[in-house]
Amino acid sequence: MRVKYRNKLFLSGILLLLLLTLLAVFVPAFSPYSHTGQNAEIQNTAMSLAHPFGTDKFGRDIFVRVWYGTRISLAVGIGSAMICGVAGIFFGSIAGLAGGKTDLVLMRAADVIDAIPSLLYVILITLVMGANVGSILLGICISGWIDLARIVRGEVQRLKTREFCTAARLAGAGAGRILLRHLLPNAAGPVIVNLTFMIPKAIFTEAFLSFVGVGISAPVASLGTLIQDARSQMQVYPSQMLFPILVLCILILSMNFIGAGLEQSVRQIEEG
Amino acid sequence: MKLLSVQDLSVQFHDRYEGQEAVSHVSFEVGPGEIVGVVGESGSGKSTGMHAILGLLPKKAEITCGSMMLEGEDITPPGPKGCGRQRKEYERKMETVRGNQIAMVFQDPLTYLNPTVKIGRQITETIRAHRKVSHAEAKERAVELLDMVGIRNSTRRMGQYPFELSGGMRQRVVIAIALACEPKLLIADEPTTALDVTVQGQILELLKKISVETGTALLYVSHDLGAVASLCRRVLVMQEGRLVEEGTVEDIFYEPKHPYTQKLLSQATGLLKLPKEQHAASILLKVEHVSKDYFDAGRLHKSEKTEAVHDVSLQIGRGETYGLVGESGCGKSTLAGMVTQMLEPTAGKISYMGDKTKLKYPVQMIFQDPYASLNPRMCVQDILEEPLLLNTSDSRGERVRKVKEMLHLVGLKEEDAKKFPRAFSGGQRQRIGIARALILEPELLVCDEPVSALDVSIQEQILCLLEEIQEKKKLSYFFISHDLNVVKRISRRMGVMYAGSLVEAGNTKDIYEDPWHPYTKALLSAVLVPDPFKARRKKGILHTEEKKMEIPLGRGCPFAPRCGYASDLCFAGKPQKYQYGEREIACFLYSEEHAGKRRSGLKMTSQI
Amino acid sequence: MLRYTCKRILTGILSLFVLVTAAFFLTRMMPGSPFQTGNVTESVLESMEEEYGLNDPPVRQYQTYLGNLLKGDLGVSFKKPGVSVSEVIGRAWPATASLGALAILAAVVVGTCLGIWQASTKNRAVKGGIFFGTILGTGIPNFVIALLLMLCFGVKLKLLPIAGLKSAANYVLPVISLAVYPASVIARLMQNTFREEMSRDYVVLAKAKGLKWRRTAVTHILKNAWIPVLNYIGPAAAFLMTGSFVVESVFTIPGLGREFVNSIANRDYTLILGLTIFMGVTVIVINLLTDLLCACLDPRVRRAYR
């Protein structure tokens, strides 16, 4: 009964995400409108068949712009999860496996970096390197890997004293084989859960920055920029703001659903 | 009048398949001041039954009980159909019973004490839950209780956290909590299983003393027949949730009627038989003056040195089993690590005389915990194949054939190769562990407590399997255990380790018949024989409060602080090894200079 | 405990140093001069740069800045002549701090209660309801919540004021939009740890001692379950700090966040630098305090930290 319910959470998350990804990939590719093309004749139109979400004050098609923004969100989310994942697993396993002074130095460095709020990094870097996806990714990843590294380190430390690791060493396995074959597969649960939760966080950060005006700037459309653009006309045309908000929320929620579903099933496996 | 009478108690768990009950239709009585033992293998429902008496089982447990009376008071738990109000009423009633009239002591004192609450507080809150006393009065009583259970410096201990105490002390704290309100009945659920042998003896004696002095009745749950024999007057035997036999301790141990009781007894005595004859031809492993120091890592300055193993020498012959006995933390696992070349000795030399060219690590190992020694993400085929992949150039077909052969040798089926470890029981997992150690055909196998996590009946099976394989493959074993019975059962020669040093070594038979070293004597006296008369006659030698084993650096005999025969000499310098025939001993009582002239030709006996 | 405290403070100071250094050099690397506003001639530009010391080598500038920083002087604003950064911060921080403190208080109280409720109730509807509520709470970005609340209660229903911080009613919407996310996180944390702690053996012992359930829950379970929640207050403070950016600009509150956003738009480098350092310091100090508090409550933390 409970297993079913949990799988439902995970499945609905996956389905939503799939739907959004497909729309984000295909709508900008096949739509007759582009996300930057302005048209003075159709400013601020309501929803219609030609423009499902209406148009904005420059006559740009919001439907295309929203899905184009979703692309950016997805790219930032998945990109940062991948970079942070690789870095976190790498440093975490080194610290966990090596122990001693290496561990001490790495973890203290992580403490120092982690003590500073990550949004400050992102803001400073986007100010220096210009507002684009690359600098946002870099800013997120400066401190994004630390949580994961701590988790991996903890798991590696816990598992490496287990007897099956000693057995593998006795069989002649090197550090690489022990890590890849014995340690990481057993640490996969918490690592995957952490990674899935990292994606919505990154998406949020990007939207937040664009909303504040530090992130991706006009005319390129990000969901945050769209919301900010529509804010000035919030009282007159609330739908212009509500559509990007809706898509952004569904996007983040779908990732949260996946993460929560995974978290629960991992815990269930651990509890037996 | 009876103190507690239980009629027709059954417990069923919701997640179990239909019809099977954890406890089914159990009825028994306990008289005031009586000590009753409850015996059975793991999974026989003995703890579940005891938890049910106090209503401590989780919600998914379904309890049905005809009646449960405590001194004429009805404490019958409401059945599964009982409504919410009945349940609430029962809970309210039990709050005054638990800890006040019936108290309980559990198996693992570490997990049962709250790690973030000071122990003084954990005792006083029990008192204050049942008695209207002030904080100061409760504290006074707690100090009294700690004194009573044999904890010195009780005032200071009150302000400590559980992790700052040793295992035995924690168990004493739990007992103090249980005794806080002078209960009429104390239920002890395997209270000594997680403890060392010498500590086990002390806790048993403490329980006995308390029961006699305060007139508290004791329900003692254990799988250990020896402990039950030494402690109890009456015994209940449980099998698969049913009470199969009940009687006085003499009846049960000398004239068991039920076949299950007979089986349990024969298994317990089975461990007492001696190993098959082994012929040690040539020396296979030589350990010479080996020491291992650990430096407290992470402290960049001031490195603190702790000595895990100090100046140990021993030899293992081909085809022989060498047993090593010692309490937890005495350095036996560190020694095992050095023998397998997993750890580098800080001083001394370990020379392996066997074929060193074939394998990277020629000495293989069997581990203690069958649940932690197999990677849960790999199937049996992969687990067994890994050593072959890394050490040989066998083809895939060859590897599969060898795995099959090995599974057959350890008594598993060929189909098992595709299964994952979770599909197996503890004993079967240990067989897989043995197969993994044997697949590279080593000449020496280190067995680090290979049976201590298993039930007695399974222990015997695994020991038999090891002997069988030894005969077939002409293997040598370095067998480590904290359980003297097991070492006696399997090894011809043995060593006794204390605080990193080998204090006595020689033929197993000789050491058992005539232990020389005071520590060996204490260890042997702590072994509980499943025979009520012998067990009661036995008096523990080690009465001093046990402390965390502190290994003094450089100076003094490590056992001196606990030794009843210690003189000034023992604190001033470390005794050398004195050799008498096959016996080696590190104790000043046997030294020529200090205890009088003695020629090594003379037949020696114990000096104490 | 003393050893642990010293080590934590040392790490904190190192973090501060890294923050100041990184922030200083990054702001120096930002493109464009702060005085380029179009109608300024070359010579005026140069003389202004000279006056503000921008022509010195960066290392020299850094030394001066560090020296001034130790005296508590964060420099003067480039864009607002004669206004020092400290003045800006002094004027703006009460609004942000009061909002943040209220939001943290609300988040801790609501989150803890919801978490315990979810963990200990048998009612499936309540359990599921809180579960989905917390997922929604962690899923919806704070600026979205702020905008939606404003649209709903301020613009459409006209129940609550939507700008400034004049009366108590002004606080309602900003505090809600700030507190939703941390409250959801705390509720989930609490639920997880509370459930975990409930299944521990020491709870069985507490029951066997005859303690009442409520007492066990408060003195034993809650004490242990609270530690992760307490640990989260550090990150939550960081979150609120940045959350104030949007909330303050949406509800037009004169706080640190709005100053920060404005200074970014104006490219007022000294102000950006000063605000970054001020916020970083606040978060580091809060982190440090919660860590020390945790170590005080849980002896295991002290032991594990070398």
# chains A, B, ... in the order shown; residues from 1 in each chain; ligands from 1
$ interface_residues --of "chain A" --to "chain B" --cutoff "8 Å" --atoms "only C-alpha atoms" --output "ChimeraX atom specification"
/A:100-101,104,162-165,167-173,182,185-186
$ write_last_selection --atoms "N, CA and C atoms" --output "PDB file, in the first residue's frame"
ATOM      1  N   GLY A 100      43.171  11.028   7.451  1.00  0.00           N
ATOM      2  CA  GLY A 100      44.336  11.739   7.967  1.00  0.00           C
ATOM      3  C   GLY A 100      44.365  13.199   7.577  1.00  0.00           C
ATOM      4  N   LYS A 101      45.554  13.660   7.185  1.00  0.00           N
ATOM      5  CA  LYS A 101      45.708  15.083   6.950  1.00  0.00           C
ATOM      6  C   LYS A 101      45.034  15.554   5.675  1.00  0.00           C
ATOM      7  N   LEU A 104      41.577  16.156   6.580  1.00  0.00           N
ATOM      8  CA  LEU A 104      41.462  17.328   7.443  1.00  0.00           C
ATOM      9  C   LEU A 104      41.523  18.615   6.608  1.00  0.00           C
ATOM     10  N   ARG A 162      34.097  -1.495   6.749  1.00  0.00           N
ATOM     11  CA  ARG A 162      33.309  -2.723   6.700  1.00  0.00           C
ATOM     12  C   ARG A 162      34.179  -3.881   6.246  1.00  0.00           C
ATOM     13  N   GLU A 163      33.778  -5.050   6.671  1.00  0.00           N
ATOM     14  CA  GLU A 163      34.628  -6.206   6.399  1.00  0.00           C
ATOM     15  C   GLU A 163      34.707  -6.540   4.921  1.00  0.00           C
ATOM     16  N   PHE A 164      33.659  -6.222   4.154  1.00  0.00           N
ATOM     17  CA  PHE A 164      33.755  -6.605   2.738  1.00  0.00           C
ATOM     18  C   PHE A 164      34.830  -5.814   1.999  1.00  0.00           C
ATOM     19  N   CYS A 165      35.146  -4.627   2.509  1.00  0.00           N
ATOM     20  CA  CYS A 165      36.228  -3.863   1.894  1.00  0.00           C
ATOM     21  C   CYS A 165      37.585  -4.461   2.231  1.00  0.00           C
ATOM     22  N   ALA A 167      38.025  -7.522   2.805  1.00  0.00           N
ATOM     23  CA  ALA A 167      38.074  -8.752   1.995  1.00  0.00           C
ATOM     24  C   ALA A 167      38.535  -8.428   0.586  1.00  0.00           C
ATOM     25  N   ALA A 168      38.023  -7.334   0.030  1.00  0.00           N
ATOM     26  CA  ALA A 168      38.415  -6.972  -1.328  1.00  0.00           C
ATOM     27  C   ALA A 168      39.887  -6.596  -1.385  1.00  0.00           C
ATOM     28  N   ARG A 169      40.356  -5.911  -0.325  1.00  0.00           N
ATOM     29  CA  ARG A 169      41.779  -5.546  -0.319  1.00  0.00           C
ATOM     30  C   ARG A 169      42.643  -6.797  -0.250  1.00  0.00           C
ATOM     31  N   LEU A 170      42.201  -7.753   0.571  1.00  0.00           N
ATOM     32  CA  LEU A 170      42.933  -9.014   0.689  1.00  0.00           C
ATOM     33  C   LEU A 170      42.962  -9.750  -0.641  1.00  0.00           C
ATOM     34  N   ALA A 171      41.884  -9.602  -1.415  1.00  0.00           N
ATOM     35  CA  ALA A 171      41.843 -10.262  -2.713  1.00  0.00           C
ATOM     36  C   ALA A 171      42.759  -9.546  -3.696  1.00  0.00           C
ATOM     37  N   GLY A 172      43.292  -8.411  -3.301  1.00  0.00           N
ATOM     38  CA  GLY A 172      44.247  -7.717  -4.161  1.00  0.00           C
ATOM     39  C   GLY A 172      43.660  -6.545  -4.913  1.00  0.00           C
ATOM     40  N   ALA A 173      42.472  -6.104  -4.529  1.00  0.00           N
ATOM     41  CA  ALA A 173      41.857  -4.996  -5.239  1.00  0.00           C
ATOM     42  C   ALA A 173      42.527  -3.678  -4.869  1.00  0.00           C
ATOM     43  N   HIS A 182      32.908  -1.332  -4.737  1.00  0.00           N
ATOM     44  CA  HIS A 182      32.409  -1.678  -3.406  1.00  0.00           C
ATOM     45  C   HIS A 182      31.835  -0.492  -2.647  1.00  0.00           C
ATOM     46  N   PRO A 185      28.788   1.994  -5.105  1.00  0.00           N
ATOM     47  CA  PRO A 185      27.464   1.388  -5.280  1.00  0.00           C
ATOM     48  C   PRO A 185      26.672   1.330  -3.986  1.00  0.00           C
ATOM     49  N   ASN A 186      27.359   1.154  -2.869  1.00  0.00           N
ATOM     50  CA  ASN A 186      26.645   1.096  -1.599  1.00  0.00           C
ATOM     51  C   ASN A 186      26.275   2.467  -1.072  1.00  0.00           C
TER      52      ASN A 186
END
$ residues_around --residues "Phe58 in chain A" --least-positions-apart "2" --cutoff "7 Å" --atoms "only C-alpha atoms" --output "list in words"
Gln38, Asn39, Ala40, Gln43, Asp56 and Arg60 of chain A
$ interface_residues --of "chain A" --to "chain C" --cutoff "6 Å" --atoms "only C-alpha atoms" --output "list in words"
Val112, Ala115, Ile116, Pro117, Val128, Cys249, Ile252 and Leu253 of chain A
$ write_last_selection --atoms "N, CA and C atoms" --output "compact mmCIF listing (two decimals), in the first residue's frame"
# COMPACT_ATOMS: atom_id res chain seq x y z
N VAL A 112 35.40 26.38 5.10
CA VAL A 112 35.65 27.80 4.86
C VAL A 112 34.80 28.30 3.69
N ALA A 115 30.97 28.41 4.48
CA ALA A 115 30.45 29.36 5.48
C ALA A 115 29.88 30.60 4.81
N ILE A 116 30.28 30.87 3.56
CA ILE A 116 29.81 32.07 2.88
C ILE A 116 28.57 31.70 2.06
N PRO A 117 27.51 32.48 2.16
CA PRO A 117 26.29 32.15 1.43
C PRO A 117 26.55 32.02 -0.08
N VAL A 128 31.15 39.91 -12.54
CA VAL A 128 32.46 39.95 -13.17
C VAL A 128 32.43 39.36 -14.57
N CYS A 249 7.11 26.71 -11.19
CA CYS A 249 6.72 25.93 -10.01
C CYS A 249 6.58 24.46 -10.35
N ILE A 252 10.08 22.91 -10.70
CA ILE A 252 10.77 22.67 -9.42
C ILE A 252 10.07 21.58 -8.63
N LEU A 253 8.72 21.62 -8.65
CA LEU A 253 7.98 20.62 -7.90
C LEU A 253 8.21 19.22 -8.44
$ select_by_dssp --residues "range 43-215 of chain A" --states "alpha helix (DSSP H)" --output "ChimeraX atom specification"
/A:62-98,100-114,118-129,133-160,163-170,175-177,184-212
$ write_last_selection --atoms "C-alpha atoms" --output "compact mmCIF listing (two decimals), in the first residue's frame"
# COMPACT_ATOMS: atom_id res chain seq x y z
CA ILE A 62 4.95 34.22 -24.32
CA PHE A 63 4.38 30.54 -25.10
CA VAL A 64 7.69 30.32 -26.96
CA ARG A 65 9.48 32.50 -24.44
CA VAL A 66 8.30 30.39 -21.53
CA TRP A 67 9.54 27.16 -23.09
CA TYR A 68 12.76 28.79 -24.11
CA GLY A 69 13.22 29.87 -20.49
CA THR A 70 12.51 26.31 -19.38
CA ARG A 71 15.41 25.20 -21.56
CA ILE A 72 17.73 27.53 -19.71
CA SER A 73 16.38 26.40 -16.36
CA LEU A 74 16.87 22.76 -17.28
CA ALA A 75 20.35 23.41 -18.60
CA VAL A 76 21.37 25.23 -15.42
CA GLY A 77 19.78 22.61 -13.17
CA ILE A 78 21.13 19.53 -14.86
CA GLY A 79 24.47 21.12 -15.67
CA SER A 80 25.15 22.19 -12.11
CA ALA A 81 24.01 18.83 -10.75
CA MET A 82 26.45 17.10 -13.09
CA ILE A 83 29.41 19.34 -12.30
CA CYS A 84 28.73 19.36 -8.57
CA GLY A 85 28.11 15.63 -8.68
CA VAL A 86 31.46 14.88 -10.27
CA ALA A 87 33.33 17.31 -8.02
CA GLY A 88 31.52 16.21 -4.88
CA ILE A 89 32.02 12.51 -5.49
CA PHE A 90 35.67 13.11 -6.44
CA PHE A 91 36.64 15.19 -3.40
CA GLY A 92 34.38 13.26 -1.06
CA SER A 93 35.93 9.94 -2.00
CA ILE A 94 39.45 11.32 -1.76
CA ALA A 95 38.81 12.75 1.69
CA GLY A 96 37.05 9.60 2.85
CA LEU A 97 39.55 7.14 1.44
CA ALA A 98 42.75 8.99 2.27
CA GLY A 100 44.34 11.74 7.97
CA LYS A 101 45.71 15.08 6.95
CA THR A 102 44.36 15.07 3.40
CA ASP A 103 40.90 14.64 4.84
CA LEU A 104 41.46 17.33 7.44
CA VAL A 105 42.71 19.88 4.92
CA LEU A 106 40.00 19.16 2.35
CA MET A 107 37.19 19.29 4.87
CA ARG A 108 38.46 22.48 6.50
CA ALA A 109 38.70 24.09 3.07
CA ALA A 110 35.14 23.00 2.42
CA ASP A 111 34.06 24.47 5.76
CA VAL A 112 35.65 27.80 4.86
CA ILE A 113 34.04 27.95 1.42
CA ASP A 114 30.70 26.75 2.72
CA SER A 118 26.40 30.69 -2.07
CA LEU A 119 24.22 33.40 -3.61
CA LEU A 120 26.92 35.95 -2.83
CA TYR A 121 29.38 33.95 -4.93
CA VAL A 122 26.93 33.73 -7.77
CA ILE A 123 26.17 37.44 -7.71
CA LEU A 124 29.82 38.46 -7.61
CA ILE A 125 30.74 36.10 -10.43
CA THR A 126 27.88 37.12 -12.69
CA LEU A 127 28.89 40.72 -12.12
CA VAL A 128 32.46 39.95 -13.17
CA MET A 129 31.95 37.47 -15.96
CA VAL A 133 24.50 30.50 -18.18
CA GLY A 134 28.21 29.73 -17.80
CA SER A 135 28.87 32.22 -15.01
CA ILE A 136 25.72 31.17 -13.16
CA LEU A 137 26.84 27.55 -13.37
CA LEU A 138 30.30 28.46 -12.10
CA GLY A 139 28.84 30.48 -9.23
CA ILE A 140 26.51 27.67 -8.18
CA CYS A 141 29.24 25.07 -8.39
CA ILE A 142 31.78 26.93 -6.25
CA SER A 143 30.04 25.84 -3.11
CA GLY A 144 27.45 23.43 -4.51
CA TRP A 145 29.70 20.37 -4.38
CA ILE A 146 30.37 20.63 -0.66
CA ASP A 147 27.18 19.05 0.68
CA LEU A 148 27.58 16.10 -1.65
CA ALA A 149 31.26 15.75 -0.82
CA ARG A 150 30.40 15.58 2.88
CA ILE A 151 27.82 12.90 2.23
CA VAL A 152 30.18 10.85 0.04
CA ARG A 153 32.97 11.23 2.58
CA GLY A 154 30.73 10.08 5.40
CA GLU A 155 29.53 7.07 3.45
CA VAL A 156 33.03 6.14 2.32
CA GLN A 157 34.33 6.43 5.87
CA ARG A 158 31.48 4.32 7.16
CA LEU A 159 31.81 1.68 4.47
CA LYS A 160 35.56 1.43 4.14
CA GLU A 163 34.63 -6.21 6.40
CA PHE A 164 33.76 -6.61 2.74
CA CYS A 165 36.23 -3.86 1.89
CA THR A 166 38.99 -5.56 3.85
CA ALA A 167 38.07 -8.75 1.99
CA ALA A 168 38.41 -6.97 -1.33
CA ARG A 169 41.78 -5.55 -0.32
CA LEU A 170 42.93 -9.01 0.69
CA ALA A 175 41.83 1.71 -4.26
CA GLY A 176 40.07 2.44 -7.58
CA ARG A 177 38.37 -0.90 -7.76
CA LEU A 184 30.17 3.93 -4.36
CA PRO A 185 27.46 1.39 -5.28
CA ASN A 186 26.65 1.10 -1.60
CA ALA A 187 26.62 4.86 -1.17
CA ALA A 188 24.45 5.41 -4.26
CA GLY A 189 21.17 5.97 -2.42
CA PRO A 190 21.96 9.15 -0.47
CA VAL A 191 24.13 10.47 -3.31
CA ILE A 192 21.36 10.20 -5.90
CA VAL A 193 18.83 11.74 -3.54
CA ASN A 194 21.14 14.67 -2.87
CA LEU A 195 21.79 15.16 -6.58
CA THR A 196 18.10 15.23 -7.46
CA PHE A 197 17.50 17.87 -4.81
CA MET A 198 20.40 19.89 -6.18
CA ILE A 199 18.65 20.43 -9.54
CA PRO A 200 15.62 22.36 -8.23
CA LYS A 201 17.92 24.42 -6.02
CA ALA A 202 19.98 25.46 -9.05
CA ILE A 203 16.86 26.21 -11.06
CA PHE A 204 15.62 28.35 -8.23
CA THR A 205 18.94 30.19 -7.99
CA GLU A 206 18.92 30.98 -11.70
CA ALA A 207 15.32 32.20 -11.66
CA PHE A 208 16.00 34.21 -8.55
CA LEU A 209 19.02 35.95 -10.08
CA SER A 210 17.18 36.73 -13.28
CA PHE A 211 14.30 38.06 -11.26
CA VAL A 212 16.60 40.32 -9.24
$ interface_residues --of "chain C" --to "chain B" --cutoff "10 Å" --atoms "only C-alpha atoms" --output "count of residues only"
26
$ atom_distance --atom1 "CA of Leu524 in chain B" --atom2 "CA of Asp483 in chain B"
10.2 Å
